[in-house]
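Have a look at start23.txt; it's compact mmCIF, C-alpha atoms:
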```txt
# COMPACT_ATOMS: atom_id res chain seq x y z
CA MET M 1 -4.50 -53.25 -25.13
CA GLY M 2 -1.16 -52.72 -26.85
CA ILE M 3 1.40 -49.99 -26.53
CA LEU M 4 0.27 -46.50 -25.54
CA ILE M 5 2.40 -43.55 -26.70
CA CYS M 6 1.99 -40.45 -24.53
CA PRO M 7 3.98 -37.45 -23.31
CA MET M 8 6.49 -38.18 -20.55
CA THR M 9 5.21 -37.12 -17.11
CA ILE M 10 6.78 -36.88 -13.69
CA GLU M 11 5.33 -40.37 -13.08
CA THR M 12 7.13 -41.86 -16.09
CA VAL M 13 10.49 -40.08 -15.70
CA GLU M 14 11.97 -42.87 -13.58
CA GLY M 15 11.08 -45.51 -16.18
CA VAL M 16 12.47 -43.38 -19.02
CA SER M 17 15.68 -42.86 -17.06
CA LYS M 18 16.02 -46.59 -16.37
CA ILE M 19 15.81 -47.38 -20.11
CA GLU M 20 18.27 -44.55 -20.86
CA LYS M 21 20.81 -46.05 -18.44
CA ALA M 22 20.38 -49.55 -19.89
CA CYS M 23 20.76 -48.42 -23.52
CA PHE M 24 23.42 -45.70 -23.59
CA SER M 25 27.05 -45.57 -22.50
CA GLU M 26 26.72 -41.92 -21.45
CA PRO M 27 23.15 -41.72 -20.13
CA TRP M 28 21.21 -38.64 -19.14
CA SER M 29 20.38 -38.31 -15.45
CA VAL M 30 16.89 -38.40 -13.93
CA ASN M 31 17.25 -34.65 -13.32
CA ALA M 32 18.00 -34.06 -17.00
CA PHE M 33 14.68 -35.69 -17.89
CA ILE M 34 12.87 -33.74 -15.17
CA ASN M 35 14.31 -30.58 -16.74
CA GLU M 36 12.92 -31.69 -20.10
CA LEU M 37 9.42 -31.56 -18.56
CA LYS M 38 10.00 -27.86 -17.84
CA ASN M 39 11.53 -27.05 -21.24
CA PRO M 40 8.92 -25.74 -23.72
CA ASP M 41 11.19 -26.77 -26.64
CA ALA M 42 11.52 -30.38 -25.46
CA ILE M 43 9.31 -33.23 -26.61
CA THR M 44 9.62 -36.53 -24.78
CA LEU M 45 7.18 -39.32 -25.52
CA ALA M 46 6.98 -42.54 -23.53
CA ALA M 47 5.79 -45.94 -24.75
CA LEU M 48 3.74 -47.65 -22.05
CA ASP M 49 2.70 -51.26 -21.56
CA ASN M 50 1.89 -51.33 -17.83
CA GLN M 51 5.35 -49.78 -17.48
CA VAL M 52 7.63 -47.57 -19.55
CA VAL M 53 9.03 -49.76 -22.34
CA GLY M 54 10.52 -47.07 -24.60
CA PHE M 55 10.87 -43.37 -25.20
CA ILE M 56 11.90 -40.69 -27.65
CA ASN M 57 13.31 -37.29 -26.71
CA ALA M 58 13.66 -34.36 -29.12
CA ARG M 59 14.07 -30.59 -29.18
CA LYS M 60 12.20 -28.23 -31.46
CA ILE M 61 14.18 -25.15 -32.38
CA LEU M 62 12.22 -22.76 -34.59
CA ASP M 63 10.99 -25.08 -37.36
CA GLU M 64 13.69 -27.74 -36.88
CA VAL M 65 13.40 -30.91 -34.79
CA TYR M 66 16.47 -32.63 -33.34
CA ILE M 67 16.05 -36.12 -31.93
CA ASN M 68 18.35 -36.69 -28.94
CA ASN M 69 17.48 -40.27 -28.02
CA VAL M 70 15.25 -43.13 -29.03
CA ALA M 71 15.36 -46.26 -26.89
CA VAL M 72 13.32 -49.37 -26.20
CA SER M 73 13.72 -51.76 -23.28
CA GLU M 74 15.55 -54.89 -24.39
CA ASN M 75 12.61 -57.22 -23.65
CA PHE M 76 10.33 -55.14 -25.90
CA ARG M 77 12.55 -54.73 -28.97
CA ARG M 78 11.49 -56.00 -32.38
CA GLN M 79 7.86 -55.09 -31.68
CA HIS M 80 7.80 -51.85 -33.73
CA ILE M 81 7.82 -49.67 -30.60
CA ALA M 82 10.67 -47.44 -31.83
CA GLU M 83 8.78 -47.04 -35.11
CA GLN M 84 5.61 -46.05 -33.22
CA LEU M 85 7.57 -43.50 -31.19
CA LEU M 86 9.16 -41.98 -34.30
CA ILE M 87 5.82 -41.79 -36.13
CA SER M 88 4.13 -40.24 -33.07
CA LEU M 89 6.84 -37.58 -32.84
CA GLU M 90 6.62 -36.90 -36.56
CA ASN M 91 2.83 -36.54 -36.40
CA LYS M 92 3.21 -34.09 -33.53
CA VAL M 93 5.68 -31.79 -35.35
CA LYS M 94 5.35 -32.22 -39.12
CA ASP M 95 2.77 -29.49 -39.72
CA ASN M 96 5.01 -26.76 -38.32
CA SER M 97 8.50 -28.12 -38.97
CA SER M 98 10.72 -28.21 -42.03
CA PHE M 99 12.72 -31.27 -41.02
CA ILE M 100 13.54 -33.78 -38.31
CA THR M 101 17.10 -35.01 -37.81
CA LEU M 102 19.22 -37.30 -35.66
CA GLU M 103 22.61 -38.93 -35.23
CA VAL M 104 23.04 -42.70 -35.06
CA ARG M 105 26.11 -44.82 -34.39
CA LYS M 106 27.69 -45.94 -37.65
CA SER M 107 27.55 -49.56 -36.42
CA ASN M 108 23.83 -49.42 -35.56
CA ILE M 109 22.58 -50.82 -38.84
CA PRO M 110 19.14 -51.92 -37.50
CA ALA M 111 18.37 -48.35 -36.37
CA GLN M 112 19.61 -46.90 -39.66
CA SER M 113 17.36 -49.35 -41.54
CA LEU M 114 14.35 -48.24 -39.49
CA TYR M 115 15.08 -44.57 -40.12
CA GLU M 116 15.48 -45.22 -43.87
CA LYS M 117 12.17 -47.13 -43.89
CA LEU M 118 10.52 -44.04 -42.37
CA GLY M 119 11.99 -41.70 -45.00
CA TYR M 120 15.17 -40.44 -43.35
CA GLU M 121 18.17 -39.92 -45.62
CA VAL M 122 21.87 -39.91 -44.80
CA VAL M 123 23.08 -36.31 -44.98
CA GLY M 124 26.51 -36.53 -43.37
CA GLU M 125 28.84 -38.09 -40.86
CA ARG M 126 30.42 -36.78 -37.66
CA LYS M 127 33.86 -38.15 -36.87
CA ASN M 128 34.34 -39.57 -33.36
CA PHE M 129 30.96 -38.19 -32.23
CA TYR M 130 30.28 -41.02 -29.78
CA GLN M 131 32.45 -42.10 -26.86
CA GLN M 132 32.62 -45.38 -24.93
CA PRO M 133 33.39 -46.66 -27.53
CA THR M 134 34.55 -43.91 -29.85
CA GLU M 135 32.60 -44.12 -33.07
CA ASN M 136 31.44 -41.94 -35.94
CA ALA M 137 27.84 -40.77 -36.15
CA ILE M 138 25.73 -40.95 -39.28
CA LEU M 139 23.47 -37.90 -39.65
CA MET M 140 20.02 -38.70 -40.99
CA THR M 141 17.28 -36.21 -41.84
CA LYS M 142 13.68 -36.36 -42.98
CA SER M 143 12.34 -33.24 -44.69
CA PHE M 144 8.70 -32.28 -44.59
CA LYS M 145 7.03 -30.82 -47.64
CA LYS M 146 5.60 -27.38 -47.08
CA ARG M 147 2.02 -27.01 -48.25
```

This entry written out as structure tokens:
Amino acid sequence: MGILICPMTIETVEGVSKIEKACFSEPWSVNAFINELKNPDAITLAALDNQVVGFINARKILDEVYINNVAVSENFRRQHIAEQLLISLENKVKDNSSFITLEVRKSNIPAQSLYEKLGYEVVGERKNFYQQPTENAILMTKSFKKR
């Protein structure tokens, strides 16, 4: 059947939270994701394969989209799931957004390569943005052409 990308629901919050905890040194809580379900500006998509295997969380503010997190369960990496999540988010917002942007750890070269492949460009750097360990963030943005 393959991977299904769909909006996060109350049933998938626990799986999203589990991946968040496994992937990030300062993870969001389950309650933070539950609050995202109630936030009209939040977009959280889950990748499902009989269980939650990845997710993307973003906020839409006016015509700007800010990606907070993209993560894939370790056993499901290198299967283009993060790419599917990014493309699904982009398809959902591109018609009424001017750009989509994110921060990525400076050392996370595989993620930066994926973002570049999808048309994101480096637009800046934030010093000491990440903690545990302290590291700079690379800002990457993809602009959408207005018709």

Exercise for review: Can you pull out every residue within 12 Å of stretch 72-74 of chain M, counting all atoms listed in the file, but drop anything in the same chain fewer than 3 positions away, and send it as JSON, numbers by chain?
Suggested key: {"M": [3, 15, 16, 17, 18, 19, 20, 21, 22, 23, 24, 45, 46, 47, 48, 49, 51, 52, 53, 54, 55, 56, 69, 77, 78, 79, 80, 81, 82, 83, 84, 85, 86, 111]}

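The gap separating atom CA of M:Leu62 from atom CA of M:Ser97 is 7.9 Å, in Å to one decimal.
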
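Remark: for M:Phe33, the closest of the candidate residues M:Val65, M:Ile109, M:Val93, M:Ala58 is M:Ala58 (distances computed over all atoms listed in the file).
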
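One distance worth recording is that between atom CA of M:Glu26 and atom CA of M:Tyr130, which is 9.1 Å.
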
As a JSON list (two decimals) with C-alpha atoms, keeping the file's coordinate frame, please: the residues near M:Lys60 (cut-off 12 Å, only C-alpha atoms, same-chain neighbours under 3 positions excluded).
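Okay, result-v8.json is ready:
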```json
[["chain", "number", "residue", "atom", "x", "y", "z"],
["M", 36, "GLU", "CA", 12.92, -31.69, -20.10],
["M", 39, "ASN", "CA", 11.53, -27.05, -21.24],
["M", 40, "PRO", "CA", 8.92, -25.74, -23.72],
["M", 41, "ASP", "CA", 11.19, -26.77, -26.64],
["M", 42, "ALA", "CA", 11.52, -30.38, -25.46],
["M", 43, "ILE", "CA", 9.31, -33.23, -26.61],
["M", 44, "THR", "CA", 9.62, -36.53, -24.78],
["M", 57, "ASN", "CA", 13.31, -37.29, -26.71],
["M", 63, "ASP", "CA", 10.99, -25.08, -37.36],
["M", 64, "GLU", "CA", 13.69, -27.74, -36.88],
["M", 65, "VAL", "CA", 13.40, -30.91, -34.79],
["M", 66, "TYR", "CA", 16.47, -32.63, -33.34],
["M", 67, "ILE", "CA", 16.05, -36.12, -31.93],
["M", 68, "ASN", "CA", 18.35, -36.69, -28.94],
["M", 89, "LEU", "CA", 6.84, -37.58, -32.84],
["M", 90, "GLU", "CA", 6.62, -36.90, -36.56],
["M", 92, "LYS", "CA", 3.21, -34.09, -33.53],
["M", 93, "VAL", "CA", 5.68, -31.79, -35.35],
["M", 94, "LYS", "CA", 5.35, -32.22, -39.12],
["M", 96, "ASN", "CA", 5.01, -26.76, -38.32],
["M", 97, "SER", "CA", 8.50, -28.12, -38.97],
["M", 98, "SER", "CA", 10.72, -28.21, -42.03],
["M", 99, "PHE", "CA", 12.72, -31.27, -41.02],
["M", 100, "ILE", "CA", 13.54, -33.78, -38.31],
["M", 101, "THR", "CA", 17.10, -35.01, -37.81]]
```

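The interatomic distance for the pair atom CA of M:Pro27 and atom CA of M:Asn91 works out to 26.5 Å.
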
Exercise for review: Please identify all polymer residues within 7 Å of M:Glu121, counting only C-alpha atoms, omitting same-chain residues fewer than 5 positions from it, and present them as a VMD selection string.
Suggested key: chain M and resid 116 140 to 142

Exercise for review: Scan for residues within 12 Å of the point (27.2, -47.3, -35.6) in the coordinates of the file, using only C-alpha atoms, and reply as number ranges by chain.
Suggested key: M: 103-113, 125-131, 133-139
